[in-house]
Amino acid sequence: MNTITTKALEAKFKALFNTTPLLLFSPGRINIIGEHTDYNDGYVFPAAINKGVYAALQKSNSGHSTAIALNKDSRVTFNLDALQPAPQGHWENYVLGVVAELKHRGLPIANFNIIFEGDIPLGAGMSSSAALENSVVFGLNTLFDLKLSKTEMILISQKAEHTYVGVKCGIMDQYASMFGIADSALHLDCRNVDATPYKINFKAYELVLINTNVKHSLSDSAYNDRRRVCETISKQLGVKALRDVSVNDLERIKNDVSIEDYNKALYVIEENTRTLKAAEAIKNDDLKALGQLMYASHEGLSKKYKVSCDELDFLVETSRKHTAVLGARMMGGGFGGCTINLVATAHVKQFTEATTLLYKEKFKHEASIYAVKLANGTHIIN
Ligand code: GLA
């Protein structure tokens, strides 16, 4: 969104609530590699992007709170003393969950009004949900001077997703959205929630996102199911998380678990190693190696972890036919959303045009292409 539309958001707020709002931006994220490793205390490699959620908010003395999602043309009012989750799948749970967690911690918040406008599609695997949660917690922290650290804020956002949305997510999305650094990706250790930033300049190459524009249902329950499998296997291995074991360790219990669960745990252990290798590859300017790691990541997500889908697999397979593409993989939770592709800049147009054509032929609906910039995390804009 440009300045003019931010102004429009402000004007809309003033027209509706008669006060000047605080304005903030909270970004979505990409993830170069390290998928489904975050809730295994492992490594991930995300970056905040220049697309996300814009929020306008201010205190309210109307006796209740209001949240409006302009994109969805949806308005909800709620009472801070009688918070309850909306039915599953409703956007306001991301907002209500954060508010409930702040209340649960005994923090002094009062009624407020908030309006959102976003420029990332929901369900695209670019974490519009973490962007939304972070915009609420950051906005309320500022408005009511709660003195929360950024780390406390992302833990509140994550808790909201666990309790109100019902997805037992890891910390990657909220971290990337809150702590993003312009032009950089964050090599995050999810155990101690601490990241090393890497300046990303792929020179003749760039990252391109292709959205399948599908989000298969069941994705939330499948996500929680994957997490449960990982936790069960960790328990069997006597460790805190899969981060603590090697492939050899896993071998020891191979006969005690189903082959499906074994493969899932194997994927996580391998993906963790790939993420460390990816950091090395980037350090050494070895984009070929990085691309290979991305392809291997997809293979694991699809065949072992089983969180891909036909549309994502098709896009990744198609990319393999282009020498201009060094690597591609599904990004985020899976079952739809985007692929992330490492492509020679000179051939992006040709690659994306050819791919979208084939995609439309096969699936009878459009794929979308996004060029994104790596950007700063959640921040006030006025
Ligand atoms: C979703 C979750 C994250 C992470 C990814 C998969 O985006 O919110 O915590 O687990 O899936 O890597």
# chains A, B, ... in the order shown; residues from 1 in each chain; ligands from 1
$ closest_atom_pairs --of "chain A" --to "ligand 1" --cutoff "7 Å" --atoms "only C-alpha atoms and all ligand atoms" --output "JSON lines"
{"residue": "A:Gly34", "atom": "CA", "partner": "ligand 1", "partner_atom_place_in_ligand_line": "12 (O)", "distance": 6.4}
{"residue": "A:Glu35", "atom": "CA", "partner": "ligand 1", "partner_atom_place_in_ligand_line": "12 (O)", "distance": 3.4}
{"residue": "A:His36", "atom": "CA", "partner": "ligand 1", "partner_atom_place_in_ligand_line": "12 (O)", "distance": 3.6}
{"residue": "A:Thr37", "atom": "CA", "partner": "ligand 1", "partner_atom_place_in_ligand_line": "12 (O)", "distance": 6.0}
{"residue": "A:Asp38", "atom": "CA", "partner": "ligand 1", "partner_atom_place_in_ligand_line": "10 (O)", "distance": 5.5}
{"residue": "A:Tyr39", "atom": "CA", "partner": "ligand 1", "partner_atom_place_in_ligand_line": "10 (O)", "distance": 6.1}
{"residue": "A:Gly125", "atom": "CA", "partner": "ligand 1", "partner_atom_place_in_ligand_line": "7 (O)", "distance": 6.3}
{"residue": "A:Ser127", "atom": "CA", "partner": "ligand 1", "partner_atom_place_in_ligand_line": "7 (O)", "distance": 6.2}
{"residue": "A:Cys169", "atom": "CA", "partner": "ligand 1", "partner_atom_place_in_ligand_line": "9 (O)", "distance": 4.1}
{"residue": "A:Gly170", "atom": "CA", "partner": "ligand 1", "partner_atom_place_in_ligand_line": "9 (O)", "distance": 3.4}
{"residue": "A:Ile171", "atom": "CA", "partner": "ligand 1", "partner_atom_place_in_ligand_line": "9 (O)", "distance": 5.1}
{"residue": "A:Met172", "atom": "CA", "partner": "ligand 1", "partner_atom_place_in_ligand_line": "9 (O)", "distance": 5.0}
{"residue": "A:Asp173", "atom": "CA", "partner": "ligand 1", "partner_atom_place_in_ligand_line": "3 (C)", "distance": 5.6}
{"residue": "A:Gly332", "atom": "CA", "partner": "ligand 1", "partner_atom_place_in_ligand_line": "7 (O)", "distance": 4.4}
{"residue": "A:Gly333", "atom": "CA", "partner": "ligand 1", "partner_atom_place_in_ligand_line": "11 (O)", "distance": 3.4}
$ write_last_selection --atoms "C-alpha atoms" --output "short mmCIF file (atom, residue, chain, number, x, y, z; two decimals), in the first residue's frame"
data_model
loop_
_atom_site.label_atom_id
_atom_site.label_comp_id
_atom_site.auth_asym_id
_atom_site.auth_seq_id
_atom_site.Cartn_x
_atom_site.Cartn_y
_atom_site.Cartn_z
CA GLY A 34 13.43 -24.59 7.17
CA GLU A 35 9.80 -25.65 6.99
CA HIS A 36 8.00 -27.29 9.91
CA THR A 37 11.21 -27.13 11.89
CA ASP A 38 10.20 -24.22 14.14
CA TYR A 39 7.98 -26.23 16.50
CA GLY A 125 1.43 -19.10 3.08
CA SER A 127 1.59 -15.31 7.06
CA CYS A 169 1.99 -22.96 15.27
CA GLY A 170 5.68 -22.45 15.95
CA ILE A 171 7.30 -19.04 16.37
CA MET A 172 8.73 -18.46 12.86
CA ASP A 173 5.96 -16.31 11.39
CA GLY A 332 4.76 -22.24 4.80
CA GLY A 333 2.40 -24.77 6.34
#
$ residues_around --residues "A:Leu155" --least-positions-apart "5" --cutoff "9 Å" --atoms "only C-alpha atoms" --output "list of chain:residue names"
A:Lys150, A:Ala160, A:Ile171, A:Gln174, A:Tyr175
$ write_last_selection --atoms "N, CA and C atoms" --output "short mmCIF file (atom, residue, chain, number, x, y, z; two decimals), in the first residue's frame"
data_model
loop_
_atom_site.label_atom_id
_atom_site.label_comp_id
_atom_site.auth_asym_id
_atom_site.auth_seq_id
_atom_site.Cartn_x
_atom_site.Cartn_y
_atom_site.Cartn_z
N LYS A 150 9.59 -6.93 22.30
CA LYS A 150 9.14 -7.56 21.05
C LYS A 150 9.00 -9.07 21.22
N ALA A 160 -2.19 -16.52 20.88
CA ALA A 160 -3.50 -16.22 20.30
C ALA A 160 -3.85 -17.26 19.24
N ILE A 171 7.08 -20.47 16.14
CA ILE A 171 7.30 -19.04 16.37
C ILE A 171 7.83 -18.32 15.13
N GLN A 174 5.58 -15.19 13.49
CA GLN A 174 5.48 -14.01 14.35
C GLN A 174 6.85 -13.36 14.51
N TYR A 175 7.89 -14.18 14.60
CA TYR A 175 9.25 -13.63 14.74
C TYR A 175 9.62 -12.82 13.51
#
$ residues_around --residues "A:Val245" --least-positions-apart "3" --cutoff "12 Å" --atoms "only C-alpha atoms" --output "number ranges by chain"
A: 40-42, 230, 233-242, 248-253, 265-266, 268-270, 272-273
$ write_last_selection --atoms "N, CA and C atoms" --output "JSON list (two decimals), in the first residue's frame"
[["chain", "number", "residue", "atom", "x", "y", "z"],
["A", 40, "ASN", "N", 9.85, -27.74, 16.24],
["A", 40, "ASN", "CA", 10.77, -28.80, 16.67],
["A", 40, "ASN", "C", 12.04, -28.20, 17.26],
["A", 41, "ASP", "N", 11.92, -26.94, 17.69],
["A", 41, "ASP", "CA", 13.05, -26.21, 18.29],
["A", 41, "ASP", "C", 14.21, -26.05, 17.31],
["A", 42, "GLY", "N", 13.93, -26.14, 16.01],
["A", 42, "GLY", "CA", 14.99, -26.14, 15.00],
["A", 42, "GLY", "C", 15.28, -24.78, 14.40],
["A", 230, "CYS", "N", 5.58, -35.31, 15.78],
["A", 230, "CYS", "CA", 6.95, -34.92, 16.15],
["A", 230, "CYS", "C", 7.15, -35.01, 17.66],
["A", 233, "ILE", "N", 7.33, -38.69, 18.86],
["A", 233, "ILE", "CA", 8.61, -39.34, 18.55],
["A", 233, "ILE", "C", 9.72, -38.78, 19.44],
["A", 234, "SER", "N", 9.70, -37.50, 19.71],
["A", 234, "SER", "CA", 10.69, -36.92, 20.61],
["A", 234, "SER", "C", 10.62, -37.60, 21.97],
["A", 235, "LYS", "N", 9.39, -37.79, 22.42],
["A", 235, "LYS", "CA", 9.19, -38.44, 23.72],
["A", 235, "LYS", "C", 9.78, -39.84, 23.70],
["A", 236, "GLN", "N", 9.48, -40.56, 22.63],
["A", 236, "GLN", "CA", 10.01, -41.93, 22.51],
["A", 236, "GLN", "C", 11.53, -41.95, 22.51],
["A", 237, "LEU", "N", 12.11, -40.89, 21.97],
["A", 237, "LEU", "CA", 13.58, -40.82, 21.91],
["A", 237, "LEU", "C", 14.17, -40.21, 23.18],
["A", 238, "GLY", "N", 13.29, -39.77, 24.06],
["A", 238, "GLY", "CA", 13.74, -39.22, 25.33],
["A", 238, "GLY", "C", 14.41, -37.86, 25.21],
["A", 239, "VAL", "N", 13.97, -37.06, 24.20],
["A", 239, "VAL", "CA", 14.55, -35.72, 24.04],
["A", 239, "VAL", "C", 13.44, -34.68, 24.07],
["A", 240, "LYS", "N", 13.85, -33.42, 24.21],
["A", 240, "LYS", "CA", 12.86, -32.35, 24.28],
["A", 240, "LYS", "C", 12.20, -32.14, 22.92],
["A", 241, "ALA", "N", 13.01, -32.18, 21.88],
["A", 241, "ALA", "CA", 12.48, -31.91, 20.53],
["A", 241, "ALA", "C", 13.34, -32.60, 19.48],
["A", 242, "LEU", "N", 12.81, -32.73, 18.27],
["A", 242, "LEU", "CA", 13.56, -33.44, 17.21],
["A", 242, "LEU", "C", 14.87, -32.73, 16.86],
["A", 248, "ASN", "N", 20.78, -41.11, 12.90],
["A", 248, "ASN", "CA", 21.18, -42.35, 13.58],
["A", 248, "ASN", "C", 20.36, -42.61, 14.83],
["A", 249, "ASP", "N", 20.11, -41.56, 15.58],
["A", 249, "ASP", "CA", 19.28, -41.71, 16.79],
["A", 249, "ASP", "C", 17.89, -42.23, 16.40],
["A", 250, "LEU", "N", 17.37, -41.66, 15.34],
["A", 250, "LEU", "CA", 16.02, -42.04, 14.90],
["A", 250, "LEU", "C", 15.97, -43.52, 14.49],
["A", 251, "GLU", "N", 17.05, -43.97, 13.87],
["A", 251, "GLU", "CA", 17.13, -45.38, 13.45],
["A", 251, "GLU", "C", 16.81, -46.33, 14.60],
["A", 252, "ARG", "N", 17.23, -45.96, 15.79],
["A", 252, "ARG", "CA", 17.07, -46.84, 16.96],
["A", 252, "ARG", "C", 15.62, -47.23, 17.22],
["A", 253, "ILE", "N", 14.71, -46.31, 16.86],
["A", 253, "ILE", "CA", 13.30, -46.62, 17.16],
["A", 253, "ILE", "C", 12.51, -46.94, 15.89],
["A", 265, "ALA", "N", 9.49, -37.73, 10.96],
["A", 265, "ALA", "CA", 10.58, -37.31, 11.84],
["A", 265, "ALA", "C", 11.88, -37.17, 11.05],
["A", 266, "LEU", "N", 12.08, -38.10, 10.11],
["A", 266, "LEU", "CA", 13.29, -38.06, 9.28],
["A", 266, "LEU", "C", 13.33, -36.75, 8.49],
["A", 268, "VAL", "N", 12.06, -33.90, 9.27],
["A", 268, "VAL", "CA", 12.37, -32.76, 10.15],
["A", 268, "VAL", "C", 13.88, -32.70, 10.44],
["A", 269, "ILE", "N", 14.45, -33.86, 10.75],
["A", 269, "ILE", "CA", 15.89, -33.89, 11.07],
["A", 269, "ILE", "C", 16.70, -33.44, 9.85],
["A", 270, "GLU", "N", 16.31, -33.94, 8.68],
["A", 270, "GLU", "CA", 17.04, -33.58, 7.45],
["A", 270, "GLU", "C", 16.86, -32.10, 7.10],
["A", 272, "ASN", "N", 16.32, -29.67, 9.10],
["A", 272, "ASN", "CA", 17.11, -28.87, 10.02],
["A", 272, "ASN", "C", 18.55, -28.75, 9.51],
["A", 273, "THR", "N", 19.11, -29.88, 9.09],
["A", 273, "THR", "CA", 20.47, -29.89, 8.55],
["A", 273, "THR", "C", 20.55, -29.03, 7.29]]
$ closest_residue --among "A:Met330, A:Ser177, A:Ser128, A:Asn61" --to "A:Thr151" --atoms "only C-alpha atoms"
A:Ser177
$ decode --residues "stretch 189-202 of chain A" --atoms "N, CA and C atoms" --output "PDB file, in the first residue's frame"
ATOM      1  N   ASP A 189      17.192 -19.461  15.254  1.00  0.00           N
ATOM      2  CA  ASP A 189      17.229 -20.657  16.080  1.00  0.00           C
ATOM      3  C   ASP A 189      15.966 -20.611  16.944  1.00  0.00           C
ATOM      4  N   CYS A 190      15.038 -21.508  16.679  1.00  0.00           N
ATOM      5  CA  CYS A 190      13.739 -21.426  17.352  1.00  0.00           C
ATOM      6  C   CYS A 190      13.783 -21.923  18.793  1.00  0.00           C
ATOM      7  N   ARG A 191      14.906 -22.468  19.200  1.00  0.00           N
ATOM      8  CA  ARG A 191      14.998 -22.898  20.609  1.00  0.00           C
ATOM      9  C   ARG A 191      15.241 -21.686  21.501  1.00  0.00           C
ATOM     10  N   ASN A 192      16.198 -20.877  21.142  1.00  0.00           N
ATOM     11  CA  ASN A 192      16.440 -19.710  22.006  1.00  0.00           C
ATOM     12  C   ASN A 192      15.830 -18.428  21.429  1.00  0.00           C
ATOM     13  N   VAL A 193      15.083 -18.562  20.335  1.00  0.00           N
ATOM     14  CA  VAL A 193      14.415 -17.435  19.678  1.00  0.00           C
ATOM     15  C   VAL A 193      15.393 -16.281  19.440  1.00  0.00           C
ATOM     16  N   ASP A 194      16.474 -16.627  18.775  1.00  0.00           N
ATOM     17  CA  ASP A 194      17.509 -15.641  18.491  1.00  0.00           C
ATOM     18  C   ASP A 194      17.978 -15.857  17.052  1.00  0.00           C
ATOM     19  N   ALA A 195      18.120 -14.761  16.312  1.00  0.00           N
ATOM     20  CA  ALA A 195      18.435 -14.907  14.884  1.00  0.00           C
ATOM     21  C   ALA A 195      19.711 -14.193  14.476  1.00  0.00           C
ATOM     22  N   THR A 196      20.372 -14.739  13.464  1.00  0.00           N
ATOM     23  CA  THR A 196      21.483 -14.050  12.814  1.00  0.00           C
ATOM     24  C   THR A 196      20.959 -13.507  11.488  1.00  0.00           C
ATOM     25  N   PRO A 197      21.028 -12.185  11.285  1.00  0.00           N
ATOM     26  CA  PRO A 197      20.552 -11.661  10.001  1.00  0.00           C
ATOM     27  C   PRO A 197      21.575 -11.867   8.887  1.00  0.00           C
ATOM     28  N   TYR A 198      21.109 -12.226   7.715  1.00  0.00           N
ATOM     29  CA  TYR A 198      21.962 -12.369   6.534  1.00  0.00           C
ATOM     30  C   TYR A 198      21.503 -11.367   5.496  1.00  0.00           C
ATOM     31  N   LYS A 199      22.408 -10.495   5.068  1.00  0.00           N
ATOM     32  CA  LYS A 199      22.065  -9.585   3.961  1.00  0.00           C
ATOM     33  C   LYS A 199      21.838 -10.439   2.729  1.00  0.00           C
ATOM     34  N   ILE A 200      20.727 -10.228   2.071  1.00  0.00           N
ATOM     35  CA  ILE A 200      20.446 -11.058   0.899  1.00  0.00           C
ATOM     36  C   ILE A 200      20.619 -10.222  -0.363  1.00  0.00           C
ATOM     37  N   ASN A 201      21.626 -10.591  -1.134  1.00  0.00           N
ATOM     38  CA  ASN A 201      21.802  -9.971  -2.440  1.00  0.00           C
ATOM     39  C   ASN A 201      22.210 -11.078  -3.399  1.00  0.00           C
ATOM     40  N   PHE A 202      21.213 -11.579  -4.116  1.00  0.00           N
ATOM     41  CA  PHE A 202      21.471 -12.726  -4.975  1.00  0.00           C
ATOM     42  C   PHE A 202      21.967 -12.315  -6.359  1.00  0.00           C
TER      43      PHE A 202
END
